[in-house]
$ cat run_24.cif   # mmCIF, C-alpha atoms
data_model
loop_
_atom_site.group_PDB
_atom_site.id
_atom_site.type_symbol
_atom_site.label_atom_id
_atom_site.label_comp_id
_atom_site.auth_asym_id
_atom_site.auth_seq_id
_atom_site.Cartn_x
_atom_site.Cartn_y
_atom_site.Cartn_z
ATOM 1 C CA MET A 1 -19.351 15.272 2.341
ATOM 2 C CA LYS A 2 -17.540 12.510 4.263
ATOM 3 C CA ILE A 3 -18.891 9.948 1.810
ATOM 4 C CA LEU A 4 -17.546 11.938 -1.150
ATOM 5 C CA LEU A 5 -14.141 12.298 0.523
ATOM 6 C CA SER A 6 -13.942 8.576 1.270
ATOM 7 C CA LEU A 7 -14.935 7.647 -2.276
ATOM 8 C CA PHE A 8 -12.919 10.133 -4.291
ATOM 9 C CA GLY A 9 -10.362 11.905 -2.115
ATOM 10 C CA THR A 10 -9.758 15.585 -1.545
ATOM 11 C CA GLU A 11 -7.739 16.151 -4.739
ATOM 12 C CA THR A 12 -10.447 14.712 -6.974
ATOM 13 C CA ILE A 13 -13.189 16.803 -5.396
ATOM 14 C CA TRP A 14 -11.101 19.997 -5.717
ATOM 15 C CA ALA A 15 -10.314 19.190 -9.355
ATOM 16 C CA PHE A 16 -14.014 18.641 -10.053
ATOM 17 C CA LEU A 17 -14.983 21.924 -8.381
ATOM 18 C CA VAL A 18 -12.286 23.952 -10.152
ATOM 19 C CA SER A 19 -13.140 22.477 -13.555
ATOM 20 C CA GLY A 20 -16.855 23.103 -12.924
ATOM 21 C CA VAL A 21 -16.254 26.752 -12.025
ATOM 22 C CA PHE A 22 -13.992 27.156 -15.058
ATOM 23 C CA ALA A 23 -16.556 25.588 -17.419
ATOM 24 C CA PHE A 24 -19.370 27.732 -15.991
ATOM 25 C CA THR A 25 -17.267 30.882 -16.374
ATOM 26 C CA LEU A 26 -16.532 30.065 -20.026
ATOM 27 C CA TRP A 27 -20.204 29.351 -20.686
ATOM 28 C CA VAL A 28 -21.256 32.685 -19.164
ATOM 29 C CA CYS A 29 -18.512 34.745 -20.893
ATOM 30 C CA ILE A 30 -18.803 33.310 -24.387
ATOM 31 C CA GLN A 31 -22.077 32.717 -26.138
ATOM 32 C CA PRO A 32 -22.275 29.650 -28.430
ATOM 33 C CA ASN A 33 -22.655 31.775 -31.594
ATOM 34 C CA GLN A 34 -19.537 33.906 -30.926
ATOM 35 C CA SER A 35 -15.984 33.062 -31.939
ATOM 36 C CA ILE A 36 -13.405 32.507 -29.200
ATOM 37 C CA PRO A 37 -10.675 35.187 -28.909
ATOM 38 C CA ALA A 38 -7.114 33.954 -29.464
ATOM 39 C CA TRP A 39 -5.950 35.032 -25.992
ATOM 40 C CA LEU A 40 -8.741 33.005 -24.372
ATOM 41 C CA PHE A 41 -7.943 29.981 -26.524
ATOM 42 C CA ILE A 42 -4.280 30.172 -25.445
ATOM 43 C CA ILE A 43 -5.257 30.408 -21.758
ATOM 44 C CA VAL A 44 -7.620 27.423 -22.061
ATOM 45 C CA LEU A 45 -4.971 25.408 -23.903
ATOM 46 C CA PHE A 46 -2.365 26.299 -21.271
ATOM 47 C CA LEU A 47 -4.703 25.288 -18.416
ATOM 48 C CA PHE A 48 -5.529 22.049 -20.230
ATOM 49 C CA LEU A 49 -1.840 21.174 -20.610
ATOM 50 C CA ILE A 50 -1.185 21.994 -16.948
ATOM 51 C CA SER A 51 -4.082 19.765 -15.883
ATOM 52 C CA VAL A 52 -2.761 16.903 -18.042
ATOM 53 C CA LEU A 53 0.653 17.257 -16.379
ATOM 54 C CA ILE A 54 -0.908 17.314 -12.897
ATOM 55 C CA ILE A 55 -3.031 14.243 -13.652
ATOM 56 C CA GLY A 56 0.045 12.455 -15.001
ATOM 57 C CA ALA A 57 2.035 13.299 -11.883
ATOM 58 C CA LEU A 58 -0.805 12.084 -9.644
ATOM 59 C CA LEU A 59 -1.050 8.824 -11.593
ATOM 60 C CA VAL A 60 2.695 8.240 -11.245
ATOM 61 C CA LYS A 61 2.489 8.970 -7.506
ATOM 62 C CA LEU A 62 -0.504 6.645 -7.139
ATOM 63 C CA SER A 63 1.183 3.795 -9.010
ATOM 64 C CA LYS A 64 4.372 4.186 -6.960
ATOM 65 C CA THR A 65 2.403 4.256 -3.687
ATOM 66 C CA THR A 66 0.431 1.178 -4.720
ATOM 67 C CA ALA A 67 3.568 -0.680 -5.811
ATOM 68 C CA ASP A 68 5.345 0.194 -2.556
ATOM 69 C CA ASN A 69 2.357 -1.000 -0.563
ATOM 70 C CA LEU A 70 2.221 -4.277 -2.473
ATOM 71 C CA LEU A 71 5.918 -5.044 -2.275
ATOM 72 C CA THR A 72 6.889 -3.801 1.167
ATOM 73 C CA ILE A 73 5.682 -5.495 4.317
ATOM 74 C CA ASN A 74 7.496 -4.026 7.306
ATOM 75 C CA ILE A 75 7.805 -5.860 10.603
ATOM 76 C CA LYS A 76 7.346 -3.257 13.333
ATOM 77 C CA THR A 77 7.906 -5.384 16.433
ATOM 78 C CA ALA A 78 7.556 -8.894 17.839
ATOM 79 C CA HIS A 79 6.749 -10.457 21.183
ATOM 80 C CA ILE A 80 5.731 -13.745 22.773
ATOM 81 C CA PRO A 81 2.397 -13.505 24.615
ATOM 82 C CA ALA A 82 2.301 -14.775 28.208
ATOM 83 C CA ASN A 83 -0.255 -17.456 27.375
ATOM 84 C CA SER A 84 1.550 -18.844 24.303
ATOM 85 C CA SER A 85 4.917 -20.074 23.091
ATOM 86 C CA LYS A 86 4.375 -18.740 19.558
ATOM 87 C CA PRO A 87 5.749 -15.293 18.721
ATOM 88 C CA ILE A 88 3.527 -12.631 17.203
ATOM 89 C CA PHE A 89 4.839 -10.090 14.701
ATOM 90 C CA LEU A 90 3.180 -6.709 14.270
ATOM 91 C CA LEU A 91 3.306 -5.612 10.620
ATOM 92 C CA SER A 92 2.686 -2.288 8.948
ATOM 93 C CA PRO A 93 -0.647 -1.964 7.096
ATOM 94 C CA ASN A 94 -0.788 -3.783 3.771
ATOM 95 C CA ASN A 95 -3.667 -4.378 1.361
ATOM 96 C CA LEU A 96 -2.605 -7.910 0.440
ATOM 97 C CA LEU A 97 -2.796 -9.482 3.880
ATOM 98 C CA PHE A 98 -6.033 -10.613 5.466
ATOM 99 C CA ILE A 99 -7.074 -12.857 8.367
ATOM 100 C CA ASP A 100 -5.920 -16.490 7.941
ATOM 101 C CA ALA A 101 -3.485 -15.590 5.137
ATOM 102 C CA TYR A 102 -0.165 -17.436 5.312
ATOM 103 C CA VAL A 103 3.156 -15.628 5.088
ATOM 104 C CA THR A 104 6.763 -16.717 4.866
ATOM 105 C CA ILE A 105 9.646 -15.028 6.606
ATOM 106 C CA HIS A 106 13.104 -14.960 5.095
ATOM 107 C CA ARG A 107 16.363 -13.718 6.544
ATOM 108 C CA LEU A 108 18.577 -11.591 4.349
ATOM 109 C CA ASN A 109 22.096 -12.988 4.294
ATOM 110 C CA GLY A 110 24.222 -10.955 1.876
ATOM 111 C CA TYR A 111 22.414 -11.189 -1.450
ATOM 112 C CA PHE A 112 20.455 -14.307 -0.473
ATOM 113 C CA GLU A 113 17.124 -14.644 1.273
ATOM 114 C CA ASN A 114 16.942 -17.790 3.392
ATOM 115 C CA TYR A 115 13.616 -19.161 4.571
ATOM 116 C CA VAL A 116 13.351 -19.130 8.386
ATOM 117 C CA ALA A 117 9.678 -19.218 9.375
ATOM 118 C CA THR A 118 6.034 -19.462 8.394
ATOM 119 C CA GLY A 119 3.209 -17.542 9.988
ATOM 120 C CA LYS A 120 -0.492 -16.895 9.742
ATOM 121 C CA VAL A 121 -2.364 -13.599 9.994
ATOM 122 C CA ILE A 122 -4.469 -13.759 13.148
ATOM 123 C CA ASN A 123 -5.748 -10.179 13.273
ATOM 124 C CA VAL A 124 -6.011 -7.042 11.178
ATOM 125 C CA GLN A 125 -6.332 -4.238 13.707
ATOM 126 C CA SER A 126 -8.708 -1.302 13.291
ATOM 127 C CA ASP A 127 -5.673 0.946 12.647
ATOM 128 C CA GLY A 128 -4.579 -1.338 9.777
ATOM 129 C CA PHE A 129 -1.635 -2.980 11.549
ATOM 130 C CA ILE A 130 -1.469 -6.728 11.093
ATOM 131 C CA GLN A 131 -0.705 -9.412 13.678
ATOM 132 C CA VAL A 132 1.019 -12.564 12.427
ATOM 133 C CA GLU A 133 1.503 -15.621 14.608
ATOM 134 C CA ILE A 134 4.613 -17.644 13.782
ATOM 135 C CA PHE A 135 3.832 -21.368 13.883
ATOM 136 C CA HIS A 136 6.882 -22.903 12.212
ATOM 137 C CA THR A 137 10.574 -21.973 12.293
ATOM 138 C CA GLU A 138 13.561 -23.503 10.576
ATOM 139 C CA HIS A 139 17.263 -23.075 11.410
ATOM 140 C CA ILE A 140 16.541 -20.311 13.951
ATOM 141 C CA SER A 141 15.333 -20.241 17.530
ATOM 142 C CA ILE A 142 12.284 -18.233 18.517
ATOM 143 C CA GLU A 143 14.366 -16.138 20.934
ATOM 144 C CA VAL A 144 16.733 -15.115 18.143
ATOM 145 C CA LEU A 145 13.850 -14.566 15.700
ATOM 146 C CA ILE A 146 12.189 -11.864 17.825
ATOM 147 C CA GLN A 147 15.317 -9.881 18.677
ATOM 148 C CA PRO A 148 15.275 -6.331 17.266
ATOM 149 C CA THR A 149 18.555 -6.850 15.396
ATOM 150 C CA THR A 150 17.178 -9.984 13.727
ATOM 151 C CA LEU A 151 13.872 -8.292 12.865
ATOM 152 C CA LYS A 152 15.767 -5.733 10.773
ATOM 153 C CA SER A 153 17.174 -8.494 8.564
ATOM 154 C CA LEU A 154 13.847 -10.276 8.038
ATOM 155 C CA ILE A 155 11.789 -10.074 4.873
ATOM 156 C CA LEU A 156 8.135 -11.025 5.001
ATOM 157 C CA LYS A 157 6.397 -12.306 1.879
ATOM 158 C CA HIS A 158 2.705 -12.902 1.372
ATOM 159 C CA GLY A 159 1.692 -16.320 0.150
ATOM 160 C CA ILE A 160 3.627 -19.513 0.554
ATOM 161 C CA SER A 161 4.769 -22.137 -1.897
ATOM 162 C CA SER A 162 3.601 -25.738 -2.094
ATOM 163 C CA ARG A 163 7.118 -26.858 -1.106
ATOM 164 C CA ILE A 164 6.798 -25.124 2.241
ATOM 165 C CA LEU A 165 3.239 -26.414 2.734
ATOM 166 C CA ASP A 166 4.403 -29.955 2.009
ATOM 167 C CA SER A 167 7.259 -29.651 4.493
ATOM 168 C CA LEU A 168 4.813 -28.491 7.183
ATOM 169 C CA HIS A 169 2.687 -31.609 6.758
ATOM 170 C CA GLU A 170 5.609 -34.042 6.995
#

$ encode --input "run_24.cif" --output "structure tokens"
Amino acid sequence: MKILLSLFGTETIWAFLVSGVFAFTLWVCIQPNQSIPAWLFIIVLFLFLISVLIIGALLVKLSKTTADNLLTINIKTAHIPANSSKPIFLLSPNNLLFIDAYVTIHRLNGYFENYVATGKVINVQSDGFIQVEIFHTEHISIEVLIQPTTLKSLILKHGISSRILDSLHE
């Protein structure tokens, strides 16, 4: 059962079970050579329309959840480990980030996002949270970068441009 839940989810399994029971009930109640009563046809049509609406709503919810997960990378906290001078950010779970992926950090200033740092994913924890080690900063000190008030104005983006990579090698 756990395998089915992990593959399909609770809603899908319930929908399958309900539709199976409904189909079996129709098969038992109506023989293939009989005509379907109008009241039963209306009920089946109504249930079909309801199921289409529910599936549509679930698809909209799924696409919104997926889009939010792809676009939003929240920085939960930051600290500097005792054995290092490089800060580590703890990020909320995200499907796009993996170990050794590079990220850029921008600071929101009015309507503009200004580049301030580059980091690398060093760990994806078992609970899904992501650790990013900052290895390059620009126009901001590390002490200011990890302050809670600064963290609220930071935007983290997956992937980095060739311009930033070139500036790191100079």

$ resolve_selection --input "run_24.cif" --expression "the PyMOL selection byres ((chain A and resi 43-51) around 12)" --output "ChimeraX atom specification"
/A:15-16,18-19,22-23,25-26,36-42,52-58

$ resolve_selection --input "run_24.cif" --expression "the PyMOL selection byres ((chain A and resi 106) around 10)" --output "PyMOL selection string"
chain A and resi 103-105+107-109+112-118+153-157

$ resolve_selection --input "run_24.cif" --expression "the PyMOL selection byres ((chain A and resi 142-149) around 9)" --output "JSON, numbers by chain"
{"A": [77, 78, 79, 80, 85, 86, 87, 88, 89, 116, 117, 137, 140, 141, 150, 151, 152, 153, 154]}

$ atom_distance --input "run_24.cif" --atom1 "CA of Pro93 in chain A" --atom2 "CA of Asn123 in chain A"
11.5 Å

$ residues_around --input "run_24.cif" --residues "Lys76 in chain A" --least-positions-apart "2" --cutoff "7 Å" --atoms "all atoms listed in the file" --output "MDAnalysis selection string"
chainID A and resid 74 90:92

$ atom_distance --input "run_24.cif" --atom1 "CA of Asn94 in chain A" --atom2 "CA of Ile73 in chain A"
6.7 Å

$ atom_distance --input "run_24.cif" --atom1 "CA of Ile99 in chain A" --atom2 "CA of Ile130 in chain A"
8.7 Å

$ closest_residue --input "run_24.cif" --among "A:Leu17, A:Ala101, A:Cys29, A:Ile134" --to "Pro81 in chain A" --atoms "only C-alpha atoms"
A:Ile134
